[in-house]
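As stored in data.tsv (TSV, C-alpha atoms):
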chain	number	residue	atom	x	y	z
E	1	MET	CA	-7.92	-69.33	-25.39
E	2	GLY	CA	-10.37	-67.74	-27.82
E	3	ARG	CA	-12.87	-70.51	-27.25
E	4	PHE	CA	-12.52	-70.07	-23.49
E	5	VAL	CA	-13.17	-66.31	-23.69
E	6	ALA	CA	-16.22	-66.86	-25.90
E	7	ARG	CA	-17.59	-69.45	-23.47
E	8	ARG	CA	-17.04	-67.16	-20.48
E	9	LEU	CA	-18.75	-64.27	-22.27
E	10	LEU	CA	-21.75	-66.50	-23.00
E	11	GLN	CA	-21.87	-67.57	-19.37
E	12	MET	CA	-21.99	-63.93	-18.32
E	13	ILE	CA	-25.27	-63.32	-20.17
E	14	PRO	CA	-27.56	-65.33	-17.85
E	15	VAL	CA	-25.64	-64.03	-14.82
E	16	PHE	CA	-26.14	-60.44	-15.99
E	17	ILE	CA	-29.82	-60.97	-16.75
E	18	GLY	CA	-30.41	-62.74	-13.44
E	19	THR	CA	-28.69	-60.13	-11.28
E	20	THR	CA	-30.27	-57.18	-13.06
E	21	ALA	CA	-33.71	-58.82	-12.79
E	22	LEU	CA	-33.26	-59.37	-9.06
E	23	ILE	CA	-32.13	-55.78	-8.48
E	24	PHE	CA	-34.87	-54.37	-10.71
E	25	PHE	CA	-37.65	-56.25	-8.94
E	26	MET	CA	-36.31	-55.40	-5.48
E	27	VAL	CA	-35.94	-51.70	-6.27
E	28	HIS	CA	-39.33	-51.38	-7.94
E	29	VAL	CA	-41.33	-53.45	-5.45
E	30	LEU	CA	-40.00	-52.40	-2.04
E	31	PRO	CA	-40.25	-48.57	-2.24
E	32	GLY	CA	-43.95	-48.55	-3.20
E	33	ASP	CA	-45.46	-46.10	-5.68
E	34	GLN	CA	-42.52	-44.00	-6.89
E	35	VAL	CA	-44.60	-41.53	-8.90
E	36	ARG	CA	-47.15	-41.01	-6.14
E	37	ALA	CA	-44.30	-40.10	-3.78
E	38	MET	CA	-43.55	-36.99	-5.89
E	39	TRP	CA	-46.61	-35.25	-4.42
E	40	GLY	CA	-45.71	-36.06	-0.83
E	41	ASP	CA	-48.73	-35.55	1.43
E	42	LYS	CA	-50.67	-33.70	-1.27
E	43	GLN	CA	-53.33	-35.34	-3.38
E	44	PRO	CA	-52.01	-35.86	-6.92
E	45	ASP	CA	-53.90	-34.95	-10.06
E	46	PRO	CA	-55.21	-38.27	-11.47
E	47	ALA	CA	-54.48	-37.28	-15.08
E	48	GLN	CA	-50.89	-36.25	-14.33
E	49	LEU	CA	-50.36	-39.36	-12.22
E	50	ALA	CA	-51.59	-41.61	-15.04
E	51	SER	CA	-49.51	-39.74	-17.63
E	52	LEU	CA	-46.28	-40.09	-15.62
E	53	LYS	CA	-46.93	-43.76	-14.91
E	54	HIS	CA	-47.44	-44.37	-18.63
E	55	LYS	CA	-44.26	-42.44	-19.49
E	56	PHE	CA	-42.13	-44.56	-17.15
E	57	HIS	CA	-43.98	-47.81	-18.00
E	58	LEU	CA	-45.19	-48.08	-14.41
E	59	ASP	CA	-48.71	-48.90	-15.59
E	60	LEU	CA	-47.43	-52.20	-17.01
E	61	PRO	CA	-46.96	-55.47	-15.10
E	62	LEU	CA	-43.59	-55.70	-13.39
E	63	TRP	CA	-42.18	-58.26	-15.80
E	64	GLN	CA	-43.06	-56.03	-18.76
E	65	GLN	CA	-41.41	-53.09	-17.03
E	66	TYR	CA	-38.25	-55.17	-16.79
E	67	VAL	CA	-38.45	-56.12	-20.48
E	68	GLU	CA	-38.80	-52.45	-21.44
E	69	TYR	CA	-35.90	-51.55	-19.17
E	70	MET	CA	-33.65	-54.21	-20.71
E	71	LYS	CA	-34.55	-53.08	-24.22
E	72	GLY	CA	-33.34	-49.60	-23.36
E	73	LEU	CA	-30.32	-50.90	-21.46
E	74	PHE	CA	-28.91	-52.77	-24.47
E	75	THR	CA	-29.09	-49.54	-26.47
E	76	GLY	CA	-27.33	-47.53	-23.77
E	77	ASP	CA	-30.52	-46.00	-22.36
E	78	PHE	CA	-30.64	-46.33	-18.56
E	79	GLY	CA	-33.97	-44.54	-18.38
E	80	GLU	CA	-34.91	-41.20	-16.84
E	81	THR	CA	-35.33	-39.90	-13.32
E	82	LEU	CA	-38.80	-38.79	-12.25
E	83	SER	CA	-37.63	-35.21	-12.77
E	84	GLY	CA	-36.91	-35.98	-16.43
E	85	ARG	CA	-33.12	-36.15	-16.25
E	86	LYS	CA	-31.28	-38.95	-18.06
E	87	VAL	CA	-29.94	-41.56	-15.61
E	88	ILE	CA	-26.84	-41.99	-17.77
E	89	ASP	CA	-26.03	-38.31	-17.12
E	90	VAL	CA	-26.30	-38.85	-13.36
E	91	ILE	CA	-24.04	-41.91	-13.62
E	92	SER	CA	-21.49	-40.14	-15.84
E	93	GLU	CA	-21.16	-37.36	-13.23
E	94	ALA	CA	-20.86	-39.51	-10.11
E	95	MET	CA	-19.18	-42.69	-11.36
E	96	PRO	CA	-15.80	-41.16	-12.41
E	97	VAL	CA	-15.30	-39.83	-8.87
E	98	THR	CA	-15.99	-43.24	-7.32
E	99	VAL	CA	-13.87	-45.03	-9.93
E	100	ARG	CA	-10.99	-42.65	-9.20
E	101	LEU	CA	-11.33	-43.25	-5.46
E	102	ALA	CA	-11.64	-47.03	-5.88
E	103	LEU	CA	-8.61	-47.22	-8.20
E	104	MET	CA	-6.51	-45.25	-5.73
E	105	ALA	CA	-7.56	-47.63	-2.95
E	106	PHE	CA	-6.92	-50.57	-5.28
E	107	GLY	CA	-3.39	-49.36	-6.00
E	108	ILE	CA	-2.69	-48.85	-2.30
E	109	GLU	CA	-3.83	-52.34	-1.38
E	110	ILE	CA	-1.84	-53.94	-4.21
E	111	VAL	CA	1.45	-52.15	-3.52
E	112	PHE	CA	1.44	-52.17	0.27
E	113	GLY	CA	-0.54	-55.39	0.71
E	114	ILE	CA	1.76	-57.48	-1.49
E	115	ALA	CA	4.88	-55.79	-0.09
E	116	LEU	CA	3.84	-56.47	3.52
E	117	GLY	CA	2.80	-60.02	2.66
E	118	LEU	CA	6.10	-60.72	0.88
E	119	LEU	CA	8.13	-59.30	3.77
E	120	SER	CA	6.09	-61.25	6.30
E	121	GLY	CA	6.38	-64.49	4.33
E	122	LEU	CA	10.13	-64.20	3.84
E	123	LYS	CA	10.62	-63.35	7.54
E	124	SER	CA	8.18	-65.98	8.81
E	125	GLY	CA	8.19	-66.23	12.61
E	126	LYS	CA	10.36	-63.15	13.05
E	127	PHE	CA	9.54	-59.65	14.28
E	128	ALA	CA	8.53	-58.33	10.84
E	129	ASP	CA	6.12	-61.23	10.39
E	130	LYS	CA	4.53	-60.83	13.82
E	131	SER	CA	4.24	-57.05	13.40
E	132	THR	CA	2.51	-57.47	10.04
E	133	LEU	CA	0.07	-60.02	11.44
E	134	VAL	CA	-0.81	-57.68	14.34
E	135	LEU	CA	-1.26	-54.69	12.00
E	136	THR	CA	-3.49	-56.61	9.59
E	137	LEU	CA	-5.54	-58.00	12.48
E	138	ILE	CA	-6.14	-54.45	13.74
E	139	LEU	CA	-7.22	-53.28	10.26
E	140	ILE	CA	-9.58	-56.23	9.88
E	141	SER	CA	-11.09	-55.69	13.34
E	142	ILE	CA	-11.89	-51.97	13.01
E	143	PRO	CA	-15.05	-51.14	10.99
E	144	VAL	CA	-14.49	-48.76	8.07
E	145	PRO	CA	-16.73	-45.97	9.50
E	146	VAL	CA	-14.77	-46.04	12.78
E	147	LEU	CA	-11.41	-46.09	10.98
E	148	GLY	CA	-12.54	-43.23	8.76
E	149	PHE	CA	-13.55	-41.13	11.78
E	150	VAL	CA	-10.23	-41.89	13.55
E	151	PHE	CA	-8.15	-40.96	10.49
E	152	GLN	CA	-10.27	-37.89	9.92
E	153	THR	CA	-9.73	-36.75	13.51
E	154	ILE	CA	-6.00	-37.53	13.71
E	155	PHE	CA	-4.74	-36.47	10.28
E	156	GLY	CA	-7.38	-33.90	9.35
E	157	ILE	CA	-8.29	-32.13	12.59
E	158	ASN	CA	-5.41	-32.67	15.03
E	159	LEU	CA	-2.35	-32.83	12.75
E	160	LYS	CA	-3.95	-30.82	9.91
E	161	TRP	CA	-1.98	-32.77	7.30
E	162	VAL	CA	-5.05	-33.05	5.09
E	163	LYS	CA	-8.52	-31.55	4.94
E	164	PRO	CA	-10.94	-33.53	7.13
E	165	THR	CA	-13.55	-33.49	4.37
E	166	VAL	CA	-13.09	-33.43	0.62
E	167	GLN	CA	-13.79	-30.02	-0.89
E	168	ASP	CA	-12.93	-30.92	-4.49
E	169	SER	CA	-13.72	-34.49	-5.56
E	170	THR	CA	-11.45	-34.16	-8.62
E	171	ASP	CA	-8.36	-33.38	-6.48
E	172	LEU	CA	-6.37	-36.61	-6.08
E	173	GLN	CA	-4.51	-35.23	-3.06
E	174	GLN	CA	-7.78	-34.72	-1.19
E	175	LEU	CA	-8.92	-38.23	-2.15
E	176	LEU	CA	-5.77	-39.83	-0.71
E	177	LEU	CA	-7.02	-40.16	2.88
E	178	PRO	CA	-10.43	-41.58	1.86
E	179	ALA	CA	-8.61	-44.00	-0.46
E	180	ILE	CA	-6.38	-45.21	2.39
E	181	VAL	CA	-9.43	-45.79	4.59
E	182	LEU	CA	-11.30	-47.53	1.77
E	183	GLY	CA	-8.39	-49.81	0.90
E	184	SER	CA	-7.30	-50.60	4.47
E	185	LEU	CA	-9.45	-53.71	4.97
E	186	SER	CA	-8.56	-55.15	1.57
E	187	LEU	CA	-4.89	-54.32	2.16
E	188	ALA	CA	-4.97	-56.48	5.29
E	189	TYR	CA	-6.52	-59.41	3.42
E	190	VAL	CA	-4.05	-59.09	0.54
E	191	ALA	CA	-1.11	-59.03	2.97
E	192	ARG	CA	-2.36	-62.15	4.77
E	193	LEU	CA	-3.10	-64.02	1.54
E	194	THR	CA	0.31	-63.14	0.12
E	195	ARG	CA	2.07	-64.13	3.34
E	196	THR	CA	0.28	-67.51	3.50
E	197	SER	CA	1.01	-68.26	-0.14
E	198	ILE	CA	4.67	-67.24	0.19
E	199	VAL	CA	5.19	-69.43	3.27
E	200	GLU	CA	3.58	-72.38	1.47
E	201	ASN	CA	5.52	-72.02	-1.80
E	202	ILE	CA	8.92	-71.17	-0.33
E	203	ARG	CA	9.27	-74.82	0.74
E	204	ALA	CA	8.28	-76.17	-2.68
E	205	ASP	CA	10.66	-78.32	-4.74
E	206	TYR	CA	10.92	-75.82	-7.61
E	207	ILE	CA	12.22	-73.13	-5.22
E	208	ARG	CA	14.86	-75.49	-3.81
E	209	THR	CA	15.83	-76.40	-7.38
E	210	ALA	CA	16.15	-72.73	-8.37
E	211	VAL	CA	18.36	-72.04	-5.35
E	212	ALA	CA	20.46	-75.15	-6.05
E	213	LYS	CA	21.07	-73.91	-9.60
E	214	GLY	CA	22.67	-70.80	-8.15
E	215	LEU	CA	20.06	-68.33	-9.40
E	216	PRO	CA	20.24	-64.88	-7.79
E	217	ARG	CA	18.01	-64.52	-4.75
E	218	ARG	CA	16.09	-61.65	-6.34
E	219	LYS	CA	15.27	-63.73	-9.42
E	220	VAL	CA	14.18	-66.68	-7.29
E	221	ILE	CA	11.84	-64.48	-5.27
E	222	VAL	CA	10.36	-62.38	-8.09
E	223	THR	CA	10.31	-64.80	-11.03
E	224	HIS	CA	9.55	-68.06	-9.25
E	225	LEU	CA	8.25	-67.54	-5.71
E	226	LEU	CA	6.18	-64.37	-6.03
E	227	ARG	CA	4.76	-65.18	-9.44
E	228	ASN	CA	3.48	-68.60	-8.37
E	229	SER	CA	2.16	-67.20	-5.09
E	230	MET	CA	-0.05	-64.59	-6.75
E	231	ILE	CA	-2.90	-66.82	-7.96
E	232	PRO	CA	-4.99	-66.68	-4.72
E	233	VAL	CA	-4.16	-62.98	-4.38
E	234	ILE	CA	-5.26	-62.23	-7.95
E	235	THR	CA	-8.50	-64.13	-7.31
E	236	PHE	CA	-9.23	-61.90	-4.32
E	237	LEU	CA	-8.20	-58.70	-6.12
E	238	GLY	CA	-10.48	-59.49	-9.06
E	239	THR	CA	-13.60	-59.62	-6.91
E	240	ASP	CA	-12.41	-56.82	-4.65
E	241	LEU	CA	-12.38	-54.12	-7.33
E	242	GLY	CA	-16.16	-54.22	-7.56
E	243	ALA	CA	-16.42	-54.47	-3.77
E	244	LEU	CA	-14.31	-51.32	-3.42
E	245	MET	CA	-16.69	-49.39	-5.67
E	246	GLY	CA	-19.63	-50.59	-3.58
E	247	GLY	CA	-17.82	-49.99	-0.30
E	248	ALA	CA	-16.83	-46.50	-1.45
E	249	ILE	CA	-20.41	-45.43	-0.69
E	250	VAL	CA	-19.70	-45.52	3.07
E	251	THR	CA	-16.31	-43.84	2.72
E	252	GLU	CA	-17.77	-41.14	0.49
E	253	GLY	CA	-20.35	-40.36	3.15
E	254	ILE	CA	-17.67	-39.97	5.84
E	255	PHE	CA	-15.43	-37.67	3.77
E	256	ASN	CA	-18.17	-35.86	1.81
E	257	VAL	CA	-17.00	-37.16	-1.57
E	258	LYS	CA	-19.49	-36.35	-4.35
E	259	GLY	CA	-19.55	-39.75	-5.98
E	260	VAL	CA	-21.88	-42.71	-6.29
E	261	GLY	CA	-22.65	-42.72	-2.55
E	262	ASN	CA	-23.95	-39.16	-2.61
E	263	ALA	CA	-25.99	-39.79	-5.78
E	264	LEU	CA	-27.45	-43.04	-4.42
E	265	TYR	CA	-28.37	-41.39	-1.12
E	266	HIS	CA	-30.44	-38.75	-2.93
E	267	ALA	CA	-31.89	-41.34	-5.31
E	268	ILE	CA	-33.07	-43.57	-2.46
E	269	ASN	CA	-34.53	-40.61	-0.55
E	270	GLN	CA	-36.42	-39.49	-3.65
E	271	LYS	CA	-37.43	-43.08	-4.54
E	272	GLU	CA	-35.64	-42.85	-7.91
E	273	GLY	CA	-35.70	-46.54	-8.76
E	274	ALA	CA	-34.19	-46.08	-12.22
E	275	THR	CA	-31.14	-44.29	-10.79
E	276	VAL	CA	-30.51	-46.93	-8.12
E	277	THR	CA	-30.91	-49.73	-10.67
E	278	GLY	CA	-28.59	-47.97	-13.12
E	279	PHE	CA	-25.75	-47.67	-10.60
E	280	VAL	CA	-26.12	-51.30	-9.53
E	281	VAL	CA	-26.11	-52.47	-13.17
E	282	VAL	CA	-22.79	-50.69	-13.73
E	283	LEU	CA	-21.34	-52.38	-10.63
E	284	VAL	CA	-22.52	-55.77	-11.91
E	285	ILE	CA	-20.73	-55.13	-15.22
E	286	VAL	CA	-17.54	-54.22	-13.31
E	287	TYR	CA	-17.75	-57.47	-11.32
E	288	LEU	CA	-18.23	-59.58	-14.46
E	289	ALA	CA	-15.38	-57.87	-16.34
E	290	ALA	CA	-13.03	-58.24	-13.37
E	291	SER	CA	-13.92	-61.93	-13.09
E	292	LEU	CA	-13.04	-62.51	-16.75
E	293	ILE	CA	-9.72	-60.65	-16.42
E	294	VAL	CA	-8.80	-62.75	-13.37
E	295	ASP	CA	-9.45	-65.98	-15.28
E	296	LEU	CA	-7.20	-64.81	-18.11
E	297	LEU	CA	-4.43	-63.77	-15.72
E	298	TYR	CA	-4.22	-67.30	-14.30
E	299	ALA	CA	-2.55	-68.58	-17.48
E	300	VAL	CA	-0.13	-65.63	-17.47
E	301	LEU	CA	0.96	-66.25	-13.89
E	302	ASP	CA	1.10	-70.03	-14.14
E	303	PRO	CA	1.90	-71.48	-17.61
E	304	ARG	CA	0.72	-74.88	-16.37
E	305	ILE	CA	-2.84	-73.60	-16.55
E	306	ARG	CA	-4.28	-74.11	-20.02
E	307	TYR	CA	-7.72	-73.30	-21.34
E	308	ALA	CA	-9.44	-75.76	-23.64

Would you put the structure from the file into C-alpha cells?
Amino acid sequence: MGRFVARRLLQMIPVFIGTTALIFFMVHVLPGDQVRAMWGDKQPDPAQLASLKHKFHLDLPLWQQYVEYMKGLFTGDFGETLSGRKVIDVISEAMPVTVRLALMAFGIEIVFGIALGLLSGLKSGKFADKSTLVLTLILISIPVPVLGFVFQTIFGINLKWVKPTVQDSTDLQQLLLPAIVLGSLSLAYVARLTRTSIVENIRADYIRTAVAKGLPRRKVIVTHLLRNSMIPVITFLGTDLGALMGGAIVTEGIFNVKGVGNALYHAINQKEGATVTGFVVVLVIVYLAASLIVDLLYAVLDPRIRYA
C-alpha cells in the first residue's frame, strides 16, 4: 500500500505541473496586457508601467513568468494582485465559503442519492423505482441556473421559507437552499449509479449464498450488497467534489453567495490573472487529492482489490 501511495503521489507531479502550466498560459495570454488595463482609456506613465511589469515579472518571456510563479507557489506564495494584495489572502477569504457550500451539497447528494438509489434498486420495476427514475431524469434535464431560479422563486419569494438571496455567507441555514440546488444534478447521478449497481449485484452468487446462510436481510443489504455496489459510486463522488467547487460559481451568482464565484468574477473583470490562476490551482489540488482518496477507498470497500 505504501508503495502504491508513493507511486500515485509521484504521478501527480507531472499532472499538477501540466495543468497549472496550461491554466497559467491561458490566463496570461488571452486577457492581453493586464498592467496596461489598470489605466483604462488613459495613457499610462511609461516609468510606472515598466516598474509594475518588472514587479510582477511581466517583462519576462512567458515561460520564465511561469517558472517564477511555480517557485513562489511551492513556498506558499500565490503572488499579488495588481492592487498589491496577496492572492493567498483573497483565496483564504473566499474559499472557505465555497468549501462550506460544496461540502453541504456533497453531503446532500451522498445521503439522499444513495438512499434513493438503494430504494430504487431494491424495488426494481415497482412504483418507487419508476418514481425515482422520473425524479432523477427531471433533475438531470433542468439546467442549474433554471433550477436555482425556480427554487428561489418558490421557496424564497412565494412560500418565504428561506431568504431568496444569502445575506450572511457564514450562516449554514441560508446556504441550505443553494446547497440543494448545487447538489441536485450530482444527486440524480448518484441515485442512478447506485440503483444500477444494486440491480446488478443483487443477482450475484455471493448475495444468494448470504441469503441461503440465513443472514439477516439488513446485514445482507448493508454488509454485502451495498458495500460491493459502492465502487462506481465512490469513483463518481471522488471526481464530483472538485466539480462541485467549480460548479458552485454559478450557484453563488444566483444566490449572491460571497465565495469563489464572486471573487473570480471581480478578478476576471479586473484582469487579475494571478487571482484566477490561484483559485484554479487550488481546485486542481482538490481534484488530485480526491482522486488519491478514491483509489485508497477501493481496497476498503472490496478486499479483493490489492495494491502492489

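Around the point (0.4, -69.6, 6.0), within 12 Å and counting only C-alpha atoms, we find these residues: Gly117, Leu118, Ser120, Gly121, Leu122, Ser124, Gly125, Asp129, Leu133, Ala191, Arg192, Leu193, Thr194, Arg195, Thr196, Ser197, Ile198, Val199, Glu200, Asn201, Ile202, Arg203 and Ser229 of chain E.
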
For C-alpha atoms, I'd like the residues from the last selection saved as a compact mmCIF listing (two decimals), in the coordinates of the input.
# COMPACT_ATOMS: atom_id res chain seq x y z
CA GLY E 117 2.80 -60.02 2.66
CA LEU E 118 6.10 -60.72 0.88
CA SER E 120 6.09 -61.25 6.30
CA GLY E 121 6.38 -64.49 4.33
CA LEU E 122 10.13 -64.20 3.84
CA SER E 124 8.18 -65.98 8.81
CA GLY E 125 8.19 -66.23 12.61
CA ASP E 129 6.12 -61.23 10.39
CA LEU E 133 0.07 -60.02 11.44
CA ALA E 191 -1.11 -59.03 2.97
CA ARG E 192 -2.36 -62.15 4.77
CA LEU E 193 -3.10 -64.02 1.54
CA THR E 194 0.31 -63.14 0.12
CA ARG E 195 2.07 -64.13 3.34
CA THR E 196 0.28 -67.51 3.50
CA SER E 197 1.01 -68.26 -0.14
CA ILE E 198 4.67 -67.24 0.19
CA VAL E 199 5.19 -69.43 3.27
CA GLU E 200 3.58 -72.38 1.47
CA ASN E 201 5.52 -72.02 -1.80
CA ILE E 202 8.92 -71.17 -0.33
CA ARG E 203 9.27 -74.82 0.74
CA SER E 229 2.16 -67.20 -5.09

Distance in Å - atom CA of Val294 of chain E versus atom CA of Gly238 of chain E
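Result for atom CA of Val294 of chain E versus atom CA of Gly238 of chain E: 5.7 Å, one decimal.
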
As a check of understanding: the span from atom CA of Gly247 of chain E to atom CA of Leu182 of chain E is 7.3 Å

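Between atom CA of Leu187 of chain E and atom CA of Met104 of chain E the separation is 12.1 Å.
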
Which polymer residues, protein or nucleic acid, are no farther than 8 Å from (-9.3, -44.4, 5.0), counting all atoms listed in the file, as a short mmCIF file (atom, residue, chain, number, x, y, z; two decimals) with C-alpha atoms, in the coordinates of the input?
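Dumped to out_17.cif:
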data_model
loop_
_atom_site.label_atom_id
_atom_site.label_comp_id
_atom_site.auth_asym_id
_atom_site.auth_seq_id
_atom_site.Cartn_x
_atom_site.Cartn_y
_atom_site.Cartn_z
CA VAL E 144 -14.49 -48.76 8.07
CA LEU E 147 -11.41 -46.09 10.98
CA GLY E 148 -12.54 -43.23 8.76
CA PHE E 151 -8.15 -40.96 10.49
CA LEU E 177 -7.02 -40.16 2.88
CA PRO E 178 -10.43 -41.58 1.86
CA ALA E 179 -8.61 -44.00 -0.46
CA ILE E 180 -6.38 -45.21 2.39
CA VAL E 181 -9.43 -45.79 4.59
CA LEU E 182 -11.30 -47.53 1.77
CA GLY E 183 -8.39 -49.81 0.90
CA SER E 184 -7.30 -50.60 4.47
CA THR E 251 -16.31 -43.84 2.72
#

Practice item. Considering all atoms listed in the file, return as number ranges by chain whatever protein or nucleic-acid residues lie within 10 Å of Phe279 of chain E, sequence-local ones (same chain, fewer than 6 positions apart) excluded. Key: E: 78, 87-88, 90-91, 94-95, 246, 260-261, 263-264
